[in-house]
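The next block holds one structure in the form of structure tokens; read it before the comments.
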Amino acid sequence: MIRKRQLVWLCFVLALLLLAPQVEAKVTRVTASVSPPTYSGQCPKRFEFAGKITVDSPGIVEYKWIRSDGASAPIQKIRFEKAGTLTVNAYWELSAEGEHWQALQILSPNPITSARASFTLKCVTLGVVQLVNPMIIGTLLPVSTCPDIAAVEIVFQIIRRDSPFRGRIRITAVVKNITLKDFSSGPNQAVALLYQMPSYVPCSSATGGTVLVQKEIRTLAAGATIVLVYERDWDSSSPNEGEFPNCYRLMISLDPDIYLDGNPDNDDCSQNNNRVDRSGADINALFR
């Protein structure tokens, strides 16, 4: 009799659990930030956005980015395995001067929109550059006299998130002809290289490294860009990536005789801007 009563009671409890309304996740907080908040220089400029979404229980959140020009990104989804905060990313590249903003809009399970991540853009046209050819150091010439191919930036982006600390990232390195004269060279005279430097070493003192991507620069029109892209898995909680991340280096390598070959169209005006470093610590910041 006791066992029968226990069984009946157990069935009653299970029925209550099955019939009880399921608690849906609720977004309790959403924020958006932009980097850099202000910029003055060559355009177009790419601005990076990070949105943080906080929920009070596991569930799926639908969201999209909205911005000041009226455009909105496609609706996206992110799954929360537990209560907490996850980061989503976006970018906006533009040349329109002035103040702009982008915000993160949550569509479900409950509508909520972040404060606007505002930024200011001012485009500046270069007027003169300084040649670094040892034969003509110190000479200032108009930008139309020679081309200037420059290592502009390295951009980090999360393209797939597997957990709060792990996912797949994309590294994009940009080389640009920042003058008003086209660049044209012979075979192997100019090469853009993206390196992964050894871990445990700061960017400022890192040497050697492994070439991830390289592209020969044969022709590059005024204002045009060359893009090097590399993707890899990343674990911001591991010692290698999380505590001692790699540095990434974009370099333009030029033939030593490039200024002596009789071709003025490949005389790079300035070698002072032929290298850009960026620490993998900035990747870890995306996962926070």
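Here, A, B, ... name the chains of the structure tokens in the order displayed, residue numbers run from 1 inside each chain, and ligands are numbered from 1 in the same displayed order.
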Check your understanding: Near region 182-190 of chain A, within 10 Å and counting only C-alpha atoms, which residues show up once chain neighbours fewer than 2 positions away are dropped, as an NGL selection string?
Key -> :A and (144 or 146-149 or 177-180 or 192-193 or 215-224 or 252-258 or 261 or 263-268)
Find the nearest atom pair between each residue of region 75-103 of chain A and region 153-166 of chain A for residues within 10 Å, count only C-alpha atoms, give distances in Å to one decimal, sort rows by chain and ascending number, and present the table as JSON lines.
{"residue": "A:Ile78", "atom": "CA", "partner": "A:Arg161", "partner_atom": "CA", "distance": 8.8}
{"residue": "A:Arg79", "atom": "CA", "partner": "A:Ser163", "partner_atom": "CA", "distance": 9.3}
{"residue": "A:Phe80", "atom": "CA", "partner": "A:Ser163", "partner_atom": "CA", "distance": 8.8}
{"residue": "A:Glu81", "atom": "CA", "partner": "A:Ser163", "partner_atom": "CA", "distance": 8.5}
{"residue": "A:Gly84", "atom": "CA", "partner": "A:Pro164", "partner_atom": "CA", "distance": 9.4}
{"residue": "A:Thr85", "atom": "CA", "partner": "A:Pro164", "partner_atom": "CA", "distance": 8.1}
{"residue": "A:Leu86", "atom": "CA", "partner": "A:Pro164", "partner_atom": "CA", "distance": 6.2}
{"residue": "A:Thr87", "atom": "CA", "partner": "A:Pro164", "partner_atom": "CA", "distance": 8.0}
{"residue": "A:Val88", "atom": "CA", "partner": "A:Ile158", "partner_atom": "CA", "distance": 8.0}
{"residue": "A:Asn89", "atom": "CA", "partner": "A:Ile158", "partner_atom": "CA", "distance": 6.9}
{"residue": "A:Ala90", "atom": "CA", "partner": "A:Gln157", "partner_atom": "CA", "distance": 8.1}
{"residue": "A:Tyr91", "atom": "CA", "partner": "A:Gln157", "partner_atom": "CA", "distance": 8.9}
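For Ala150 (chain A), the list of residues within 6 Å, based on only C-alpha atoms and with local chain neighbours fewer than 4 positions off taken out, reads Val175, Lys176, Asn273 and Asn274 of chain A.
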Practice item. Write out as a count of residues only each polymer residue whose atoms come within 7 Å of region 45-57 of chain A, counting only C-alpha atoms; drop sequence neighbours fewer than 4 positions from it. Key: 27
